[in-house]
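Below: final08.tsv (TSV, C-alpha atoms)
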```tsv
chain	number	residue	atom	x	y	z
A	127	MET	CA	151.87	130.81	165.70
A	128	TYR	CA	151.71	132.84	162.47
A	129	ALA	CA	148.12	131.68	161.90
A	130	THR	CA	147.19	132.68	165.44
A	131	VAL	CA	148.58	136.19	164.92
A	132	LEU	CA	146.64	136.54	161.65
A	133	ALA	CA	143.47	135.46	163.43
A	134	LEU	CA	143.95	137.97	166.25
A	135	VAL	CA	144.60	140.99	164.02
A	136	PRO	CA	141.05	141.38	162.63
A	137	MET	CA	139.56	140.63	166.07
A	138	ARG	CA	141.67	143.38	167.66
A	139	ALA	CA	140.81	145.82	164.86
A	140	ALA	CA	137.12	145.05	165.19
A	141	ALA	CA	137.28	145.58	168.94
A	142	GLN	CA	138.68	149.08	168.39
A	143	ALA	CA	136.28	150.05	165.60
A	144	VAL	CA	134.19	152.42	167.73
A	145	ASP	CA	132.53	155.36	166.00
A	146	ALA	CA	133.44	158.85	167.18
A	147	THR	CA	130.92	161.68	167.19
A	148	PRO	CA	129.47	161.53	163.65
A	149	ALA	CA	128.61	164.55	161.52
A	150	GLY	CA	125.05	164.80	160.27
A	151	HIS	CA	121.49	165.54	161.30
A	152	GLU	CA	119.08	163.84	163.67
A	153	VAL	CA	115.38	164.32	164.41
A	154	LYS	CA	113.70	162.87	167.49
A	155	VAL	CA	110.21	162.32	168.85
A	156	THR	CA	109.90	162.52	172.64
A	157	VAL	CA	107.42	161.14	175.18
A	158	SER	CA	108.00	162.18	178.79
A	159	SER	CA	106.69	162.70	182.31
A	160	TYR	CA	107.35	166.15	183.81
A	161	THR	CA	106.98	167.26	187.45
A	162	TYR	CA	107.70	170.72	188.92
A	163	VAL	CA	107.72	170.97	192.73
A	164	GLU	CA	107.99	173.79	195.27
A	165	PRO	CA	108.73	171.85	198.49
A	166	GLY	CA	107.34	174.18	201.17
A	167	PRO	CA	104.48	174.67	201.29
A	168	ARG	CA	104.42	171.89	198.72
A	169	ILE	CA	102.87	172.54	195.34
A	170	SER	CA	103.38	170.53	192.17
A	171	ILE	CA	102.70	170.90	188.47
A	172	HIS	CA	102.87	167.63	186.56
A	173	ALA	CA	102.06	166.47	183.06
A	174	ALA	CA	102.62	163.82	180.44
A	175	LYS	CA	104.23	165.52	177.45
A	176	VAL	CA	105.15	164.94	173.84
A	177	GLY	CA	107.67	166.83	171.75
A	178	GLY	CA	110.29	166.91	169.05
A	179	GLU	CA	113.97	167.69	168.69
A	180	TYR	CA	116.48	168.49	165.97
A	181	ALA	CA	120.26	168.12	166.37
A	182	GLY	CA	122.98	168.92	163.85
A	183	THR	CA	126.69	168.05	164.13
A	184	VAL	CA	129.63	169.33	162.08
A	185	LEU	CA	133.31	168.41	162.31
A	186	LEU	CA	135.38	171.54	162.93
A	187	SER	CA	138.63	169.55	162.59
A	188	LYS	CA	138.56	165.95	161.44
A	189	ARG	CA	142.26	165.51	162.20
A	190	ARG	CA	141.94	166.88	165.74
A	191	HIS	CA	138.51	165.23	166.27
A	192	VAL	CA	136.83	168.53	167.22
A	193	PHE	CA	133.10	168.88	166.59
A	194	ALA	CA	130.29	171.41	167.07
A	195	GLN	CA	126.63	170.66	167.75
A	196	ALA	CA	123.42	172.67	167.74
A	197	ASP	CA	120.11	171.32	168.93
A	198	VAL	CA	116.61	172.67	169.45
A	199	ARG	CA	113.83	170.84	171.26
A	200	GLY	CA	110.26	171.60	172.24
A	201	ILE	CA	107.82	169.75	174.45
A	202	VAL	CA	104.15	170.35	175.35
A	203	GLY	CA	101.34	168.87	177.47
A	204	ASN	CA	98.30	169.67	179.59
A	205	SER	CA	99.34	169.92	183.23
A	206	THR	CA	97.71	169.38	186.62
A	207	TYR	CA	98.33	171.75	189.53
A	208	GLU	CA	98.14	170.38	193.07
A	209	GLY	CA	98.93	172.59	196.02
A	210	ARG	CA	97.44	175.26	198.25
A	211	CYS	CA	95.36	178.35	197.52
A	212	SER	CA	94.85	181.41	199.73
A	213	PRO	CA	91.69	183.55	199.59
A	214	TRP	CA	91.73	187.36	199.47
A	215	LEU	CA	90.48	189.15	202.59
A	216	ILE	CA	90.36	192.72	203.93
A	217	ARG	CA	90.95	194.20	207.37
A	218	PRO	CA	90.09	197.69	208.68
A	219	ASN	CA	92.86	200.25	208.12
A	220	SER	CA	92.16	203.95	208.71
A	221	GLY	CA	95.12	204.95	206.56
A	222	SER	CA	93.63	203.39	203.38
A	223	PRO	CA	91.41	205.45	201.02
A	224	ASN	CA	88.58	202.93	201.41
A	225	GLY	CA	89.25	202.15	205.08
A	226	TYR	CA	90.60	198.64	204.49
A	227	GLU	CA	93.85	196.88	203.74
A	228	LEU	CA	94.19	193.80	201.59
A	229	ASP	CA	95.69	190.50	202.75
A	230	LEU	CA	95.68	186.76	202.09
A	231	GLY	CA	93.78	184.33	204.29
A	232	GLU	CA	94.78	180.87	205.48
A	233	SER	CA	95.66	178.52	202.65
A	234	SER	CA	93.83	175.28	201.90
A	235	PRO	CA	94.40	172.40	199.46
A	236	CYS	CA	93.34	173.05	195.87
A	237	SER	CA	93.92	171.60	192.43
A	238	GLU	CA	93.39	172.40	188.76
A	239	SER	CA	93.95	170.48	185.54
A	240	GLY	CA	93.95	171.04	181.81
A	241	ASP	CA	96.35	174.01	181.69
A	242	ARG	CA	98.78	174.21	178.77
A	243	ASP	CA	102.43	173.70	179.78
A	244	TRP	CA	105.37	173.77	177.35
A	245	TYR	CA	109.01	174.64	176.91
A	246	VAL	CA	111.57	175.16	174.16
A	247	GLU	CA	115.31	174.80	174.57
A	248	ALA	CA	118.23	175.71	172.30
A	249	ARG	CA	121.90	174.77	172.79
A	250	GLY	CA	125.23	175.29	171.06
A	251	LEU	CA	128.09	172.94	171.99
A	252	VAL	CA	131.73	172.30	171.10
A	253	GLY	CA	133.56	169.07	171.97
A	254	LYS	CA	136.47	166.75	171.21
A	255	ASP	CA	136.75	162.99	170.78
A	256	PHE	CA	139.40	160.90	172.58
A	257	THR	CA	139.83	157.24	171.63
A	258	ARG	CA	140.39	154.82	174.53
A	259	HIS	CA	140.58	151.21	173.29
A	260	THR	CA	136.96	150.10	172.83
A	261	TRP	CA	135.59	153.49	173.89
A	262	VAL	CA	135.51	157.02	172.51
A	263	LEU	CA	135.17	159.71	175.18
A	264	SER	CA	133.74	163.06	174.05
A	265	PRO	CA	133.79	165.93	176.57
A	266	TYR	CA	131.86	169.04	175.50
A	267	SER	CA	130.67	172.43	176.71
A	268	GLY	CA	128.78	175.44	175.35
A	269	VAL	CA	125.74	177.55	176.17
A	270	GLY	CA	122.03	176.80	176.51
A	271	PHE	CA	118.76	178.73	176.77
A	272	ARG	CA	115.44	177.38	178.07
A	273	HIS	CA	112.00	179.03	177.94
A	274	LEU	CA	109.19	177.47	179.99
A	275	SER	CA	105.52	178.54	179.92
A	276	ASN	CA	102.81	177.51	182.43
A	277	GLY	CA	99.12	178.31	182.09
A	278	THR	CA	96.62	178.64	184.93
A	279	GLY	CA	92.90	179.36	185.22
A	280	GLY	CA	92.57	179.19	181.45
A	281	ALA	CA	95.22	181.91	181.03
A	282	ALA	CA	97.94	180.61	178.70
A	283	GLY	CA	101.46	181.80	179.49
A	284	PHE	CA	100.53	182.97	182.98
A	285	ARG	CA	104.03	182.10	184.26
A	286	THR	CA	107.20	182.00	182.21
A	287	ASP	CA	110.71	180.98	183.24
A	288	GLU	CA	113.82	181.63	181.17
A	289	TYR	CA	117.19	180.08	181.99
A	290	LEU	CA	120.58	180.93	180.51
A	291	TYR	CA	122.99	178.17	181.48
A	292	LEU	CA	126.45	176.73	180.88
A	293	PRO	CA	126.46	172.98	180.05
A	294	ALA	CA	129.47	170.72	180.60
A	295	GLY	CA	129.18	167.05	179.77
A	296	LEU	CA	130.77	163.81	178.66
A	297	THR	CA	129.51	161.29	176.10
A	298	ALA	CA	131.02	157.80	176.03
A	299	HIS	CA	130.69	155.82	172.75
A	300	THR	CA	131.09	152.04	172.49
A	301	LYS	CA	129.56	149.10	170.66
A	302	VAL	CA	127.47	146.12	171.67
A	303	GLY	CA	128.02	143.65	168.87
A	304	SER	CA	127.48	145.69	165.70
A	305	HIS	CA	125.21	148.22	167.43
A	306	ARG	CA	126.44	151.59	168.66
A	307	LEU	CA	125.76	152.55	172.28
A	308	THR	CA	126.36	155.91	173.98
A	309	PHE	CA	126.13	157.16	177.56
A	310	THR	CA	125.90	160.89	178.35
A	311	LEU	CA	126.29	162.64	181.70
A	312	GLU	CA	125.96	166.43	181.91
A	313	TYR	CA	126.01	169.20	184.53
A	314	ASP	CA	124.47	172.61	183.78
A	315	HIS	CA	125.32	175.74	185.75
A	316	LEU	CA	122.54	178.36	185.79
A	317	LEU	CA	124.09	181.68	184.80
A	318	GLN	CA	120.86	183.68	185.15
A	319	GLY	CA	117.16	182.97	185.40
A	320	TRP	CA	114.16	185.23	184.85
A	321	GLN	CA	110.66	184.45	186.11
A	322	THR	CA	107.58	186.50	185.13
A	323	THR	CA	104.08	186.09	186.57
A	324	ARG	CA	101.44	187.79	184.42
A	325	ASN	CA	98.73	188.51	186.98
A	326	SER	CA	97.06	190.91	184.56
A	327	LYS	CA	95.88	187.88	182.54
A	328	LEU	CA	93.60	186.85	185.42
A	329	GLY	CA	91.63	190.11	185.50
A	330	GLY	CA	89.60	190.66	188.67
A	331	GLY	CA	86.67	189.28	190.61
A	332	GLU	CA	84.24	189.80	193.46
A	333	VAL	CA	84.81	188.52	197.00
A	334	PRO	CA	81.56	188.06	198.96
A	335	ALA	CA	80.90	189.66	202.32
A	336	THR	CA	81.75	187.87	205.57
A	337	PRO	CA	80.65	188.56	209.17
A	338	ALA	CA	83.91	190.50	209.63
A	339	ALA	CA	84.06	192.49	206.37
A	340	PRO	CA	81.91	193.80	203.51
A	341	ALA	CA	82.06	192.51	199.95
A	342	PHE	CA	84.83	193.87	197.77
A	343	THR	CA	86.29	193.44	194.30
A	344	ILE	CA	89.78	192.76	193.05
A	345	ASP	CA	90.05	195.10	190.07
A	346	GLY	CA	93.50	194.14	188.85
A	347	ILE	CA	96.99	192.94	189.76
A	348	THR	CA	100.17	194.08	188.08
A	349	ASP	CA	102.61	191.66	186.53
A	350	VAL	CA	105.74	190.89	188.53
A	351	SER	CA	109.21	189.61	187.60
A	352	PHE	CA	111.86	187.85	189.65
A	353	ALA	CA	115.59	187.30	189.12
A	354	GLN	CA	116.83	183.75	189.71
A	355	PRO	CA	120.61	183.97	190.11
A	356	GLY	CA	121.38	180.47	191.41
A	357	GLY	CA	120.68	176.92	190.30
A	358	TRP	CA	121.86	173.85	188.39
A	359	SER	CA	120.73	170.95	186.26
A	360	ALA	CA	121.87	167.34	185.76
A	361	ARG	CA	121.13	165.20	182.71
A	362	VAL	CA	121.66	161.48	182.09
A	363	SER	CA	120.83	159.53	178.94
A	364	THR	CA	121.61	156.26	177.16
A	365	LYS	CA	121.24	155.94	173.39
A	366	TYR	CA	121.08	152.58	171.63
A	367	TYR	CA	121.23	152.44	167.84
A	368	VAL	CA	118.84	149.75	166.67
A	369	THR	CA	120.13	150.35	163.12
A	370	ASN	CA	122.65	152.80	161.66
A	371	ARG	CA	119.87	155.40	161.46
A	372	TRP	CA	117.30	154.58	164.14
A	373	SER	CA	117.94	154.95	167.89
A	374	VAL	CA	116.11	154.68	171.21
A	375	GLU	CA	117.20	156.99	174.04
A	376	PRO	CA	115.81	156.94	177.60
A	377	TYR	CA	116.79	160.08	179.51
A	378	TYR	CA	116.41	161.97	182.80
A	379	VAL	CA	116.71	165.72	183.48
A	380	HIS	CA	116.74	167.34	186.94
A	381	TRP	CA	116.57	171.11	187.58
A	382	SER	CA	117.15	172.76	190.97
A	383	VAL	CA	116.63	176.55	191.11
A	384	ASN	CA	117.18	178.72	194.19
A	385	ALA	CA	114.65	181.15	195.64
A	386	SER	CA	114.56	184.63	194.14
A	387	PRO	CA	114.88	187.98	195.94
A	388	PRO	CA	111.43	189.44	196.73
A	389	ASN	CA	109.68	191.93	194.49
A	390	ASP	CA	106.55	194.09	194.77
A	391	GLN	CA	103.32	193.99	192.81
A	392	THR	CA	100.35	196.36	193.03
A	393	VAL	CA	96.81	195.14	193.71
A	394	THR	CA	93.84	197.41	193.03
A	395	PHE	CA	90.69	196.69	195.05
A	396	THR	CA	87.37	198.41	195.69
A	397	VAL	CA	85.31	198.47	198.92
A	398	ASN	CA	81.98	200.34	199.13
A	399	ARG	CA	82.70	201.92	195.72
A	400	VAL	CA	86.00	203.39	196.91
A	401	THR	CA	89.14	202.14	195.17
A	402	ALA	CA	92.55	201.73	196.75
A	403	ARG	CA	95.92	200.40	195.61
A	404	GLU	CA	98.23	198.32	197.76
A	405	GLN	CA	101.71	196.98	197.22
A	406	MET	CA	102.30	193.37	198.22
A	407	ARG	CA	105.66	191.62	198.32
A	408	PHE	CA	106.19	188.16	196.83
A	409	TYR	CA	109.10	185.96	195.77
A	410	GLU	CA	109.70	182.89	193.64
A	411	PRO	CA	110.49	179.98	196.01
A	412	PHE	CA	113.12	177.28	195.67
A	413	ASN	CA	111.91	174.66	193.19
A	414	VAL	CA	112.94	171.42	191.52
A	415	THR	CA	111.89	169.83	188.24
A	416	ASN	CA	112.21	166.17	187.25
A	417	GLU	CA	111.67	164.92	183.71
A	418	PHE	CA	111.80	161.27	182.62
A	419	GLY	CA	111.35	160.35	178.99
A	420	VAL	CA	112.21	158.34	175.91
A	421	LYS	CA	113.36	159.68	172.53
A	422	LEU	CA	113.01	157.87	169.21
A	423	GLY	CA	115.65	159.24	166.83
A	424	PHE	CA	116.39	159.10	163.10
A	425	ARG	CA	119.76	160.14	161.61
A	426	PHE	CA	120.23	161.39	158.06
```

Since I need it in another form, could you write the structure as structure tokens?
Amino acid sequence: MYATVLALVPMRAAAQAVDATPAGHEVKVTVSSYTYVEPGPRISIHAAKVGGEYAGTVLLSKRRHVFAQADVRGIVGNSTYEGRCSPWLIRPNSGSPNGYELDLGESSPCSESGDRDWYVEARGLVGKDFTRHTWVLSPYSGVGFRHLSNGTGGAAGFRTDEYLYLPAGLTAHTKVGSHRLTFTLEYDHLLQGWQTTRNSKLGGGEVPATPAAPAFTIDGITDVSFAQPGGWSARVSTKYYVTNRWSVEPYYVHWSVNASPPNDQTVTFTVNRVTAREQMRFYEPFNVTNEFGVKLGFRF
């Protein structure tokens, strides 16, 4: 009986020897697949991307198991746009200086590839570890900021999106044999989003004559910004430590952002050498983003 108890003590201790959130630094290399979609009428921007990430963790109170984390990540790739494009057209309007008003014609399928697409994201988090037998549970929260840039038509940074959000998540730590394993589930509440479309980067162009209208030129379009007050994100990841320093981490991120209120932009166009300006109303539609990837990490 005494020998049995002695044999069980180290086994029980080993079963409970699960690492809490460790202090230190970690760098990661990321490979991912990224897809942005506006469901109706459907357009998509998708790309294979590569990137890097740095994360630092400090223990605010070792006795109370409270920690703070800061991480910065960036990711970049050349994207492909698939969707619909609408041509410019003009219709007679006696109230316009050049006798015409500007409009958009019927859309048709179009695509474009090779545009630069990237984002950077920075987060500050505070959490606490709770030991539960062979698990350590680490709830956390904080604040995050994300800046996304899309190019189009050779114009880098044509569209930018910026999100300020509130993350709330839970990381569960355990061990498989002598190897550490973690699972993370997170929900992000979008506090405020800002979307800017820089039409001025596209310049202008000539539209040929049709049987219904003469030729005209688009001389310029003003930039336009949209507020994005509603949305959320969900993140799931699993990290397996191959050694004490090296880890492999498959992950998934989903963003869902509500449509924005409409806003006006001014288009300048010339018909028969007479220039007119017209305000046109646009909005940023509801959109979703899905990102699947794998991170290779090194702790030091």

Legend entry - Surrounding residues of range 380-388 of chain A excluding itself and chain neighbours under 5 positions, 10 Å, all atoms listed in the file, as a ChimeraX atom specification: /A:160-164,289,313-314,316,319-321,351-362,407-418

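Distance cut-off 10 Å, centre (96.8, 186.6, 183.9), atoms counted all atoms listed in the file; the residues meeting this are Gly277, Thr278, Gly279, Gly280, Ala281, Ala282, Gly283, Phe284, Arg285, Thr323, Arg324, Asn325, Ser326, Lys327, Leu328, Gly329, Gly330, Gly346, Ile347, Thr348 and Asp349 of chain A.
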
Legend entry - Protein, DNA and RNA residues within 12 Å of (119.1, 153.2, 164.0), all atoms listed in the file, as a list in words: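 Selection result: Glu152, Val153, Lys154, Ser304, His305, Arg306, Leu307, Lys365, Tyr366, Tyr367, Val368, Thr369, Asn370, Arg371, Trp372, Ser373, Val374, Glu375, Leu422, Gly423, Phe424, Arg425 and Phe426 of chain A.
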
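Atom to atom, CA of Ala248 in chain A and CA of Ser187 in chain A stand 23.4 Å apart.
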
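Here CA of Trp244 in chain A and CA of Gln318 in chain A stand 20.0 Å from one another.
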
Legend entry - Closest of A:Gly268, A:Pro376, A:Pro340, A:Gly240 to Arg217 in chain A - atom-to-atom distances counting all atoms listed in the file: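 Smallest separation from Arg217 in chain A among the options: A:Pro340.
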
Inset, instruction - Can you work out which one of A:Glu232, A:Glu247, A:Asp241, A:Asp197 has the shortest atom-to-atom distance to Phe271 in chain A, counting only C-alpha atoms? - result: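 For Phe271 in chain A, the nearest of the given residues is A:Glu247.
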
Legend entry - Pick from A:Thr392, A:Asn276, A:Gln195, A:Ser237, whichever lies nearest to Gly250 in chain A using only C-alpha atoms: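 Ranking A:Thr392, A:Asn276, A:Gln195, A:Ser237 by distance to Gly250 in chain A, first place goes to A:Gln195.
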
Legend entry - Residues near Trp214 in chain A, cut-off 8 Å, all atoms listed in the file, skip fewer than 3 positions along chain, as JSON, numbers by chain: {"A": [228, 229, 230, 231, 333]}

Inset, instruction - Find, counting all atoms listed in the file, the residue in A:Leu296, A:Val420, A:Leu263, A:Val176 that gets nearest to Val144 in chain A. - result: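 Using all atoms listed in the file, the shortest distance to Val144 in chain A belongs to A:Leu263.
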
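CA of Pro167 in chain A is positioned 12.5 Å from CA of Cys236 in chain A.
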
Inset, instruction - Considering only C-alpha atoms, state which residue in the set A:Thr257, A:Thr336, A:Gln405, A:Thr300 is at the smallest distance from Arg190 in chain A. - result: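 Closest to Arg190 in chain A of all the choices is A:Thr257.
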
Inset, instruction - For each of A:Ala194, A:Arg242, A:Arg168, A:Arg199, take the minimum atom-to-atom distance to Cys211 in chain A, counting only C-alpha atoms, then give the residue where this is smallest. - result: A:Arg168

N, CA and C atoms are needed for range 156-179 of chain A; please write them out as a compact mmCIF listing (two decimals), in the coordinates of the input.
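Once written, rebuild-v6.txt looks like this:
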```txt
# COMPACT_ATOMS: atom_id res chain seq x y z
N THR A 156 109.73 162.72 171.21
CA THR A 156 109.90 162.52 172.64
C THR A 156 108.56 162.28 173.33
N VAL A 157 108.54 161.34 174.26
CA VAL A 157 107.42 161.14 175.18
C VAL A 157 108.00 161.19 176.59
N SER A 158 107.38 161.99 177.48
CA SER A 158 108.00 162.18 178.79
C SER A 158 106.97 162.43 179.88
N SER A 159 107.44 162.33 181.11
CA SER A 159 106.69 162.70 182.31
C SER A 159 107.44 163.82 183.00
N TYR A 160 106.73 164.91 183.33
CA TYR A 160 107.35 166.15 183.81
C TYR A 160 106.69 166.56 185.13
N THR A 161 107.52 166.85 186.16
CA THR A 161 106.98 167.26 187.45
C THR A 161 107.79 168.43 188.01
N TYR A 162 107.11 169.54 188.29
CA TYR A 162 107.70 170.72 188.92
C TYR A 162 107.19 170.77 190.36
N VAL A 163 108.10 171.00 191.32
CA VAL A 163 107.72 170.97 192.73
C VAL A 163 108.34 172.16 193.46
N GLU A 164 107.52 172.85 194.26
CA GLU A 164 107.99 173.79 195.27
C GLU A 164 107.78 173.11 196.62
N PRO A 165 108.86 172.72 197.32
CA PRO A 165 108.73 171.85 198.49
C PRO A 165 107.94 172.42 199.65
N GLY A 166 108.02 173.71 199.97
CA GLY A 166 107.34 174.18 201.17
C GLY A 166 106.80 175.59 201.05
N PRO A 167 105.46 175.76 201.25
CA PRO A 167 104.48 174.67 201.29
C PRO A 167 104.37 173.99 199.93
N ARG A 168 104.27 172.67 199.95
CA ARG A 168 104.42 171.89 198.72
C ARG A 168 103.33 172.19 197.71
N ILE A 169 103.75 172.51 196.49
CA ILE A 169 102.87 172.54 195.34
C ILE A 169 103.57 171.77 194.22
N SER A 170 102.79 171.24 193.30
CA SER A 170 103.38 170.53 192.17
C SER A 170 102.59 170.81 190.91
N ILE A 171 103.30 170.81 189.79
CA ILE A 171 102.70 170.90 188.47
C ILE A 171 103.25 169.71 187.69
N HIS A 172 102.38 168.82 187.25
CA HIS A 172 102.87 167.63 186.56
C HIS A 172 102.06 167.36 185.31
N ALA A 173 102.70 166.71 184.35
CA ALA A 173 102.06 166.47 183.06
C ALA A 173 102.78 165.37 182.30
N ALA A 174 102.03 164.66 181.49
CA ALA A 174 102.62 163.82 180.44
C ALA A 174 102.78 164.70 179.22
N LYS A 175 103.95 164.61 178.55
CA LYS A 175 104.23 165.52 177.45
C LYS A 175 104.76 164.78 176.23
N VAL A 176 104.58 165.43 175.08
CA VAL A 176 105.15 164.94 173.84
C VAL A 176 105.92 166.09 173.20
N GLY A 177 106.90 165.76 172.37
CA GLY A 177 107.67 166.83 171.75
C GLY A 177 108.55 166.32 170.63
N GLY A 178 109.38 167.23 170.14
CA GLY A 178 110.29 166.91 169.05
C GLY A 178 111.62 167.61 169.25
N GLU A 179 112.63 167.14 168.55
CA GLU A 179 113.97 167.69 168.69
C GLU A 179 114.74 167.56 167.37
```
